[in-house]
>>> print(open('model_3.txt').read())   # compact mmCIF, C-alpha atoms
# COMPACT_ATOMS: atom_id res chain seq x y z
CA MET A 12 116.27 101.00 79.81
CA SER A 13 116.48 97.23 79.64
CA ASN A 14 118.34 96.93 82.93
CA HIS A 15 116.15 99.42 84.81
CA ARG A 16 112.88 98.21 86.29
CA ILE A 17 109.94 100.34 85.18
CA LEU A 18 107.78 100.85 88.24
CA ALA A 19 104.80 101.81 86.08
CA LEU A 20 104.49 98.19 84.92
CA ASP A 21 104.03 97.03 88.51
CA ILE A 22 101.56 99.82 89.20
CA LEU A 23 99.40 99.05 86.17
CA ARG A 24 99.50 95.37 87.05
CA GLY A 25 98.50 96.23 90.60
CA ILE A 26 95.64 98.47 89.44
CA THR A 27 94.22 95.62 87.38
CA ILE A 28 94.48 93.06 90.18
CA ALA A 29 92.87 95.43 92.69
CA GLY A 30 90.18 96.14 90.10
CA MET A 31 89.54 92.44 89.46
CA ILE A 32 89.15 91.76 93.18
CA LEU A 33 86.89 94.82 93.56
CA VAL A 34 84.43 93.95 90.80
CA ASN A 35 84.32 90.25 91.73
CA ASN A 36 83.30 90.84 95.34
CA PRO A 37 80.30 93.16 95.82
CA GLY A 38 78.27 92.85 98.97
CA SER A 39 75.29 91.92 96.78
CA TRP A 40 75.20 91.09 93.08
CA ALA A 41 71.72 92.62 92.99
CA HIS A 42 73.09 96.03 93.98
CA ILE A 43 76.06 97.18 91.87
CA TYR A 44 76.95 100.60 90.49
CA ALA A 45 76.86 100.52 86.68
CA PRO A 46 80.63 101.11 86.16
CA LEU A 47 81.37 98.12 88.42
CA SER A 48 79.27 95.75 86.33
CA HIS A 49 80.16 94.02 83.05
CA ALA A 50 78.31 94.98 79.88
CA GLU A 51 75.40 92.59 79.46
CA TRP A 52 76.41 91.84 75.86
CA ASN A 53 77.83 94.37 73.38
CA GLY A 54 79.51 97.42 74.88
CA LEU A 55 82.27 98.35 77.25
CA THR A 56 82.30 99.38 80.90
CA PRO A 57 85.27 100.18 83.18
CA THR A 58 84.89 96.69 84.64
CA ASP A 59 85.45 95.19 81.20
CA LEU A 60 88.93 96.75 81.14
CA VAL A 61 90.61 95.16 84.16
CA PHE A 62 91.13 91.59 82.86
CA PRO A 63 92.31 92.57 79.35
CA PHE A 64 94.65 95.17 80.87
CA PHE A 65 96.24 92.42 82.96
CA MET A 66 96.62 90.20 79.89
CA PHE A 67 98.25 93.07 78.01
CA ILE A 68 100.76 93.50 80.83
CA MET A 69 101.31 89.73 80.87
CA GLY A 70 102.41 90.00 77.24
CA ILE A 71 105.00 92.63 78.18
CA SER A 72 106.15 90.52 81.14
CA THR A 73 106.47 87.48 78.88
CA TYR A 74 108.79 89.45 76.61
CA ILE A 75 110.95 90.47 79.58
CA SER A 76 111.00 86.92 80.95
CA LEU A 77 111.90 85.18 77.68
CA ARG A 78 114.55 87.72 76.80
CA LYS A 79 116.67 86.07 79.51
CA PHE A 80 116.70 82.97 77.27
CA ASP A 81 117.34 85.11 74.17
CA PHE A 82 113.94 83.82 72.92
CA ALA A 83 115.61 80.48 72.10
CA LEU A 84 113.68 77.21 72.17
CA THR A 85 115.89 75.38 74.65
CA ARG A 86 115.30 72.69 77.20
CA ASP A 87 115.39 75.19 80.07
CA SER A 88 113.00 77.65 78.42
CA VAL A 89 110.53 74.92 77.43
CA ILE A 90 110.54 73.41 80.92
CA LYS A 91 109.98 76.83 82.47
CA VAL A 92 107.05 77.65 80.19
CA LEU A 93 105.36 74.26 80.55
CA ARG A 94 105.83 74.16 84.31
CA ARG A 95 104.37 77.65 84.76
CA THR A 96 101.50 76.91 82.36
CA LEU A 97 100.54 73.74 84.18
CA PHE A 98 100.79 75.35 87.60
CA ILE A 99 98.61 78.35 86.70
CA PHE A 100 96.04 76.17 84.91
CA LEU A 101 95.76 73.69 87.78
CA THR A 102 95.55 76.54 90.30
CA GLY A 103 92.53 77.87 88.43
CA MET A 104 90.87 74.47 88.46
CA ALA A 105 91.69 74.02 92.15
CA ILE A 106 89.91 77.28 93.00
CA GLY A 107 86.83 76.06 91.12
CA TRP A 108 86.93 72.72 92.93
CA PHE A 109 87.42 74.43 96.31
CA SER A 110 84.42 76.67 95.68
CA ARG A 111 82.15 73.72 94.96
CA PHE A 112 83.51 71.81 97.95
CA CYS A 113 82.90 74.66 100.39
CA PHE A 114 79.43 75.56 99.21
CA TYR A 115 78.23 71.95 99.11
CA TRP A 116 79.63 71.37 102.59
CA ALA A 117 77.82 74.45 103.90
CA SER A 118 74.49 73.54 102.33
CA ALA A 119 74.55 69.71 102.34
CA PRO A 120 71.21 68.05 103.14
CA GLU A 121 70.73 66.68 106.62
CA GLY A 122 70.95 62.97 107.30
CA LEU A 123 74.24 62.32 105.48
CA THR A 124 77.09 60.62 107.29
CA PHE A 125 80.40 62.43 107.49
CA LEU A 126 81.93 60.23 104.78
CA GLU A 127 78.92 60.67 102.48
CA LYS A 128 79.08 64.43 102.94
CA LEU A 129 82.83 64.45 102.34
CA TRP A 130 82.52 62.34 99.18
CA ASN A 131 79.68 64.40 97.72
CA ALA A 132 81.52 67.64 98.44
CA SER A 133 84.79 66.35 97.00
CA TRP A 134 83.62 64.55 93.88
CA THR A 135 82.34 67.34 91.68
CA PHE A 136 84.58 66.73 88.66
CA ASP A 137 81.65 65.62 86.51
CA ARG A 138 80.21 69.15 86.61
CA MET A 139 83.21 71.35 87.36
CA ARG A 140 83.99 74.20 85.00
CA ILE A 141 87.19 73.53 83.03
CA PHE A 142 88.12 77.05 81.96
CA GLY A 143 88.25 80.32 83.86
CA VAL A 144 90.42 83.40 84.34
CA MET A 145 93.54 81.55 85.53
CA GLN A 146 93.15 78.87 82.87
CA ARG A 147 92.91 81.49 80.14
CA LEU A 148 96.04 83.18 81.45
CA ALA A 149 97.87 79.85 81.41
CA LEU A 150 96.88 78.93 77.85
CA CYS A 151 97.66 82.38 76.48
CA TYR A 152 101.01 82.50 78.25
CA CYS A 153 101.94 79.09 76.84
CA ALA A 154 100.89 79.91 73.27
CA VAL A 155 102.59 83.31 73.27
CA SER A 156 105.79 81.92 74.77
CA PHE A 157 106.15 79.23 72.10
CA ALA A 158 105.27 81.73 69.37
CA ALA A 159 107.99 84.04 70.69
CA MET A 160 110.54 81.22 70.71
CA THR A 161 109.75 79.90 67.24
CA LEU A 162 108.66 82.90 65.14
CA LYS A 163 110.34 86.08 63.99
CA ARG A 164 108.87 89.40 65.12
CA ARG A 165 107.30 90.14 61.73
CA GLN A 166 105.73 86.66 61.71
CA ILE A 167 104.21 87.38 65.11
CA LEU A 168 102.51 90.46 63.65
CA TRP A 169 101.08 88.33 60.86
CA LEU A 170 99.90 85.79 63.42
CA ILE A 171 98.05 88.53 65.33
CA ALA A 172 96.39 89.67 62.11
CA LEU A 173 95.46 86.09 61.20
CA LEU A 174 93.95 85.32 64.60
CA LEU A 175 91.93 88.53 64.82
CA GLY A 176 90.94 88.62 61.14
CA GLY A 177 89.97 84.95 60.99
CA TYR A 178 88.05 85.15 64.25
CA GLY A 179 86.25 88.30 63.09
CA ILE A 180 85.15 86.61 59.85
CA LEU A 181 83.96 83.61 61.84
CA LEU A 182 81.87 85.82 64.12
CA LEU A 183 80.26 87.62 61.17
CA THR A 184 79.42 84.46 59.23
CA ALA A 185 78.37 82.09 62.02
CA ASN A 186 76.03 84.02 64.36
CA GLY A 187 78.98 85.21 66.42
CA TYR A 188 77.02 88.14 67.83
CA VAL A 189 73.89 86.20 68.75
CA TYR A 190 73.50 86.03 72.51
CA GLY A 191 72.45 82.40 72.71
CA GLU A 192 73.32 78.79 72.02
CA GLU A 193 73.23 79.26 68.23
CA ASN A 194 76.36 81.41 68.55
CA ILE A 195 79.39 79.69 66.97
CA VAL A 196 81.38 80.32 70.14
CA SER A 197 78.77 78.45 72.15
CA ILE A 198 78.46 75.65 69.58
CA VAL A 199 82.20 74.92 69.56
CA ASP A 200 82.58 75.18 73.33
CA ARG A 201 79.59 72.94 74.01
CA ALA A 202 80.84 70.36 71.51
CA ILE A 203 84.32 70.18 73.04
CA LEU A 204 83.88 71.15 76.68
CA THR A 205 80.24 69.96 77.05
CA PRO A 206 77.67 72.15 78.89
CA ALA A 207 78.38 70.50 82.26
CA HIS A 208 81.88 71.96 82.26
CA MET A 209 81.04 75.48 81.08
CA TYR A 210 80.00 78.75 82.66
CA ARG A 211 76.24 79.19 82.24
CA ASP A 212 75.37 82.41 80.45
CA ASN A 213 72.97 81.72 77.59
CA GLY A 214 75.36 79.01 76.46
CA ILE A 215 78.29 81.46 76.32
CA ASP A 216 81.41 80.80 78.39
CA PRO A 217 83.31 84.13 78.61
CA GLU A 218 86.58 82.24 79.04
CA GLY A 219 85.76 79.39 76.70
CA LEU A 220 87.97 77.54 74.25
CA LEU A 221 87.20 79.29 70.96
CA SER A 222 87.42 82.82 72.38
CA THR A 223 90.88 81.96 73.70
CA LEU A 224 92.20 82.42 70.14
CA PRO A 225 91.70 86.22 70.06
CA ALA A 226 92.89 86.31 73.67
CA ILE A 227 96.20 84.84 72.47
CA ALA A 228 96.41 87.66 69.92
CA HIS A 229 95.69 90.04 72.80
CA VAL A 230 98.73 88.85 74.76
CA LEU A 231 100.83 88.84 71.58
CA ILE A 232 100.07 92.54 71.15
CA GLY A 233 101.34 93.10 74.69
CA PHE A 234 104.43 91.07 73.80
CA CYS A 235 105.09 93.28 70.77
CA VAL A 236 104.65 96.40 72.87
CA GLY A 237 107.16 94.91 75.31
CA SER A 238 109.65 94.57 72.47
CA VAL A 239 109.17 98.26 71.66
CA MET A 240 109.66 99.26 75.31
CA MET A 241 112.56 96.96 76.21
CA GLY A 242 114.21 96.36 72.87
CA ASP A 243 117.47 98.14 73.69
CA LYS A 244 119.75 95.45 75.14
CA THR A 245 122.41 97.93 76.25
CA ALA A 246 122.12 99.55 79.65
CA PRO A 247 121.61 103.29 79.15
CA ARG A 248 123.64 105.89 80.99
CA GLU A 249 121.62 107.79 83.54
CA THR A 250 121.83 110.90 81.34
CA ASP A 251 120.17 108.95 78.52
CA ARG A 252 117.44 107.39 80.65
CA LYS A 253 115.06 110.36 80.52
CA ARG A 254 115.45 110.60 76.76
CA LEU A 255 114.70 106.88 76.40
CA LEU A 256 111.69 107.17 78.68
CA ASP A 257 110.36 110.10 76.68
CA ASP A 258 110.87 108.12 73.48
CA HIS A 259 109.03 105.11 74.86
CA ILE A 260 106.18 107.26 76.16
CA ILE A 261 105.65 108.71 72.69
CA LYS A 262 105.72 105.26 71.10
CA LEU A 263 103.27 103.87 73.64
CA PHE A 264 100.87 106.77 73.13
CA LEU A 265 101.06 106.35 69.35
CA ILE A 266 100.43 102.61 69.59
CA GLY A 267 97.63 103.16 72.08
CA THR A 268 95.94 105.83 70.00
CA ALA A 269 96.17 103.78 66.79
CA LEU A 270 94.78 100.62 68.40
CA THR A 271 92.00 102.46 70.25
CA PHE A 272 90.82 104.32 67.14
CA ALA A 273 91.00 101.12 65.08
CA GLY A 274 88.94 99.26 67.66
CA PHE A 275 86.23 101.90 67.91
CA LEU A 276 86.03 102.44 64.14
CA LEU A 277 85.77 98.72 63.39
CA SER A 278 83.15 98.32 66.14
CA TYR A 279 80.52 99.60 63.69
CA GLY A 280 80.79 96.24 61.93
CA LEU A 281 82.27 94.13 64.74
CA PRO A 282 80.82 95.34 68.05
CA ILE A 283 83.02 95.43 71.12
CA ASN A 284 82.10 92.40 73.20
CA LYS A 285 83.97 90.92 76.17
CA LYS A 286 82.03 87.68 76.45
CA ILE A 287 83.16 86.51 73.02
CA TRP A 288 86.43 88.50 73.20
CA SER A 289 85.71 90.18 69.86
CA PRO A 290 88.61 91.53 67.73
CA THR A 291 87.51 95.11 68.42
CA TYR A 292 87.52 94.36 72.15
CA VAL A 293 91.14 93.24 71.77
CA LEU A 294 92.19 96.34 69.81
CA THR A 295 90.35 98.84 72.01
CA THR A 296 91.46 97.46 75.37
CA CYS A 297 95.07 96.98 74.23
CA GLY A 298 95.07 100.55 72.95
CA LEU A 299 93.69 101.95 76.19
CA ALA A 300 96.15 99.85 78.22
CA SER A 301 99.09 101.12 76.15
CA SER A 302 98.01 104.73 76.61
CA LEU A 303 97.50 104.28 80.35
CA LEU A 304 100.92 102.66 80.66
CA ALA A 305 102.48 105.62 78.86
CA LEU A 306 100.72 108.00 81.24
CA LEU A 307 101.90 106.04 84.28
CA ILE A 308 105.50 105.99 83.01
CA TRP A 309 105.35 109.77 82.65
CA ILE A 310 103.82 110.26 86.11
CA ILE A 311 105.97 107.75 87.99
CA ASP A 312 109.24 107.22 86.14
CA VAL A 313 109.67 110.65 84.56
CA LYS A 314 108.05 113.06 87.04
CA GLY A 315 108.85 110.91 90.06
CA TRP A 316 105.39 111.15 91.61
CA LYS A 317 105.44 107.77 93.37
CA ARG A 318 104.06 108.15 96.88
CA TRP A 319 100.46 107.51 95.79
CA SER A 320 101.41 104.27 94.03
CA VAL A 321 102.50 102.15 97.02
CA PHE A 322 98.98 100.80 97.44
CA PHE A 323 98.95 99.39 93.91
CA GLU A 324 102.61 98.33 93.97
CA ALA A 325 101.81 95.90 96.78
CA PHE A 326 99.29 94.25 94.44
CA GLY A 327 101.59 94.51 91.43
CA VAL A 328 104.58 92.62 92.82
CA ASN A 329 102.51 89.58 93.83
CA PRO A 330 99.64 89.78 91.32
CA LEU A 331 98.56 86.20 90.75
CA TYR A 332 99.05 85.22 94.38
CA LEU A 333 96.83 88.07 95.59
CA TYR A 334 94.23 87.28 92.92
CA VAL A 335 94.13 83.66 94.11
CA GLN A 336 94.08 84.80 97.73
CA GLY A 337 91.12 87.05 96.97
CA GLY A 338 89.30 84.15 95.33
CA VAL A 339 89.90 81.83 98.29
CA LEU A 340 88.84 84.43 100.86
CA SER A 341 85.72 85.20 98.82
CA ILE A 342 84.78 81.51 98.82
CA LEU A 343 85.38 81.18 102.55
CA PHE A 344 83.43 84.35 103.38
CA GLY A 345 80.48 83.02 101.41
CA ALA A 346 80.62 79.48 102.79
CA ILE A 347 81.61 79.80 106.43
CA ARG A 348 78.54 80.34 108.57
CA ILE A 349 78.47 82.05 111.95
CA PRO A 350 75.74 81.44 114.56
CA TRP A 351 73.32 84.37 114.51
CA GLY A 352 70.09 84.49 116.46
CA GLU A 353 68.27 81.21 115.96
CA GLY A 354 70.15 80.39 112.78
CA SER A 355 73.44 81.26 111.12
CA ILE A 356 74.83 83.74 108.62
CA ASN A 357 77.89 83.86 106.39
CA VAL A 358 80.59 86.53 106.66
CA ILE A 359 79.28 88.48 103.66
CA GLY A 360 75.77 88.54 105.09
CA LEU A 361 77.10 89.65 108.46
CA VAL A 362 79.26 92.54 107.20
CA TYR A 363 77.03 93.68 104.34
CA GLY A 364 73.55 92.71 105.51
CA LYS A 365 73.76 93.25 109.23
CA PHE A 366 76.32 96.05 109.49
CA LEU A 367 76.69 98.17 106.33
CA LEU A 368 73.00 98.10 105.39
CA GLY A 369 72.26 99.54 108.82
CA PHE A 370 73.43 103.01 107.74
CA LEU A 371 74.02 102.92 103.96
CA PRO A 372 71.77 102.47 100.91
CA ALA A 373 72.00 98.98 99.38
CA THR A 374 74.20 99.87 96.40
CA ALA A 375 76.55 102.03 98.45
CA ALA A 376 76.81 99.31 101.10
CA SER A 377 77.61 96.75 98.40
CA CYS A 378 80.40 98.97 97.06
CA VAL A 379 81.82 99.67 100.53
CA TYR A 380 81.92 95.93 101.24
CA ALA A 381 83.92 95.42 98.02
CA LEU A 382 86.33 98.20 99.02
CA LEU A 383 86.77 96.67 102.47
CA PHE A 384 87.49 93.32 100.86
CA VAL A 385 90.14 94.89 98.60
CA THR A 386 91.66 96.59 101.65
CA LEU A 387 91.84 93.29 103.53
CA ASN A 388 93.71 91.69 100.65
CA TRP A 389 96.00 94.72 100.41
CA CYS A 390 96.89 94.47 104.12
CA ILE A 391 98.16 90.94 103.53
CA GLY A 392 99.84 91.91 100.27
CA TYR A 393 101.53 94.90 101.87
CA GLN A 394 103.14 92.72 104.51
CA LEU A 395 104.62 90.56 101.74
CA TYR A 396 105.72 93.68 99.85
CA LYS A 397 107.33 95.25 102.92
CA ARG A 398 109.27 92.04 103.61
CA ARG A 399 110.24 91.69 99.91
CA ILE A 400 108.46 88.33 99.68
CA TYR A 401 107.53 87.65 96.06
CA ILE A 402 105.39 84.59 95.38
CA LYS A 403 105.93 83.58 91.77
CA PHE A 404 103.44 81.62 89.65
>>> encode(input="model_3.txt", output="structure tokens")
Amino acid sequence: MSNHRILALDILRGITIAGMILVNNPGSWAHIYAPLSHAEWNGLTPTDLVFPFFMFIMGISTYISLRKFDFALTRDSVIKVLRRTLFIFLTGMAIGWFSRFCFYWASAPEGLTFLEKLWNASWTFDRMRIFGVMQRLALCYCAVSFAAMTLKRRQILWLIALLLGGYGILLLTANGYVYGEENIVSIVDRAILTPAHMYRDNGIDPEGLLSTLPAIAHVLIGFCVGSVMMGDKTAPRETDRKRLLDDHIIKLFLIGTALTFAGFLLSYGLPINKKIWSPTYVLTTCGLASSLLALLIWIIDVKGWKRWSVFFEAFGVNPLYLYVQGGVLSILFGAIRIPWGEGSINVIGLVYGKFLLGFLPATAASCVYALLFVTLNWCIGYQLYKRRIYIKF
């Protein structure tokens, strides 16, 4: 199997990217269907699955990528990991800076000269958020890559247990489930990052520094699953491929079931919580991702039912690029103003407020806007996919 690309990986990756773009871009944040909204604190919604699913797949992809270097800590492997880490991290920060620039420029007070407006819009580093989705991906990728190149497989399992167990004990003994600034996650993040550089949610940054530790364990679980899926270094004969696929499907379902049950059972003492990336959140979402991957392998690679998957494959072959593209377009649609009547309106207000609300209820219109936004990104992604253009991060 090692030399055969498993289409299901691209499809699951594409589903998560399309899902991330969908839930991040409603027509109105005041009108969202419950499944398309994050849990306010403890709990789990479908929206809370898309990011951890992507991180799980990133763990599998990291295994596949580093296997080319035989998991050896060499100059080439280190340079590759550090270069990719830095690029992804800085891309995340650049999106944050671009957002602040655009929205200040669109709402700057009157009376400023062009240079004053440009300076005020550009210099926002004193209050710019340091961490975010892309930054978390970068840090987890870096940590998992170096763990893979320096530790044995059994040591990686112990590292996962140490990270999740230690973090769980910390949450239980230091107000880890308090939704406020007395939470240990908030205390550590505010001490190191400072409030000016954090996401503002009762003092909790959902992609903060301390909660990155269990997120590393999350990606490590994906890495270990990748070793189960792709561990055979010999290219199988075509007659053996179905047997290998069936074997991997069974293993993935067993892993998924075990992790999901463990997560839900332990949630009686350690509630499932995305904002602090609780250990049970890691176990449950990794388990569900493993089971879904097994199902997709059976549907796509075993049964050959592929025609429906082209939509998600276009997202899956250029995942980070399309996620960044969606973020940039979202910023521009919210900042660019179009003359309307005696004033002006942004693109979101025009499409959602002036068009969709004319014949749909508010929540339905908000959802349709999000679907249209996903479709727009897919149209661009499909052109790249059709031309076999793959933009690597």
>>> closest_residue(input="model_3.txt", among="A:Leu23, A:Met240, A:Ile308, A:Val339", to="Val61 (chain A)", atoms="all atoms listed in the file")
A:Leu23
>>> atom_distance(input="model_3.txt", atom1="CA of Pro225 (chain A)", atom2="CA of Leu175 (chain A)")
5.7 Å
>>> residues_near_point(input="model_3.txt", point="(82.2, 65.0, 101.3)", cutoff="12 Å", atoms="only C-alpha atoms", output="ChimeraX atom specification")
/A:109,111-120,123-135
>>> residues_around(input="model_3.txt", residues="region 196-208 of chain A", least_positions_apart="4", cutoff="9 Å", atoms="only C-alpha atoms", output="JSON list (two decimals) with C-alpha atoms, keeping the file's coordinate frame")
[["chain", "number", "residue", "atom", "x", "y", "z"],
["A", 136, "PHE", "CA", 84.58, 66.73, 88.66],
["A", 137, "ASP", "CA", 81.65, 65.62, 86.51],
["A", 138, "ARG", "CA", 80.21, 69.15, 86.61],
["A", 139, "MET", "CA", 83.21, 71.35, 87.36],
["A", 140, "ARG", "CA", 83.99, 74.20, 85.00],
["A", 141, "ILE", "CA", 87.19, 73.53, 83.03],
["A", 142, "PHE", "CA", 88.12, 77.05, 81.96],
["A", 182, "LEU", "CA", 81.87, 85.82, 64.12],
["A", 185, "ALA", "CA", 78.37, 82.09, 62.02],
["A", 186, "ASN", "CA", 76.03, 84.02, 64.36],
["A", 187, "GLY", "CA", 78.98, 85.21, 66.42],
["A", 191, "GLY", "CA", 72.45, 82.40, 72.71],
["A", 192, "GLU", "CA", 73.32, 78.79, 72.02],
["A", 213, "ASN", "CA", 72.97, 81.72, 77.59],
["A", 214, "GLY", "CA", 75.36, 79.01, 76.46],
["A", 215, "ILE", "CA", 78.29, 81.46, 76.32],
["A", 216, "ASP", "CA", 81.41, 80.80, 78.39],
["A", 219, "GLY", "CA", 85.76, 79.39, 76.70],
["A", 220, "LEU", "CA", 87.97, 77.54, 74.25],
["A", 221, "LEU", "CA", 87.20, 79.29, 70.96],
["A", 222, "SER", "CA", 87.42, 82.82, 72.38],
["A", 287, "ILE", "CA", 83.16, 86.51, 73.02]]
>>> residues_around(input="model_3.txt", residues="region 31-34 of chain A", least_positions_apart="2", cutoff="9 Å", atoms="all atoms listed in the file", output="number ranges by chain")
A: 26-29, 36-37, 47-49, 58, 61-62, 333-334, 337-338, 378, 381-382, 384-385, 388
>>> closest_residue(input="model_3.txt", among="A:Ser301, A:Phe234, A:Leu395, A:Asn194", to="Ile260 (chain A)", atoms="only C-alpha atoms")
A:Ser301
>>> atom_distance(input="model_3.txt", atom1="CA of Gly176 (chain A)", atom2="CA of Leu150 (chain A)")
20.2 Å
>>> residues_near_point(input="model_3.txt", point="(108.5, 109.0, 82.4)", cutoff="7 Å", atoms="only C-alpha atoms", output="list in words")
Lys253, Leu256, Asp257, Ile260, Ile308, Trp309, Ile310, Ile311, Asp312, Val313 and Lys314 of chain A
>>> closest_residue(input="model_3.txt", among="A:Ala159, A:Val362, A:Leu224, A:Val321", to="Gly25 (chain A)", atoms="only C-alpha atoms")
A:Val321
>>> atom_distance(input="model_3.txt", atom1="CA of Leu306 (chain A)", atom2="CA of Ala19 (chain A)")
8.9 Å
>>> closest_atom_pairs(input="model_3.txt", of="region 121-197 of chain A", to="region 70-89 of chain A", cutoff="8 Å", atoms="only C-alpha atoms", output="tab-separated table")
residue	atom	partner	partner_atom	distance
A:Tyr152	CA	A:Thr73	CA	7.4
A:Val155	CA	A:Gly70	CA	7.8
A:Ser156	CA	A:Thr73	CA	6.9
A:Phe157	CA	A:Leu84	CA	7.8
A:Ala159	CA	A:Phe82	CA	6.4
A:Met160	CA	A:Phe82	CA	4.8
A:Thr161	CA	A:Leu84	CA	6.9
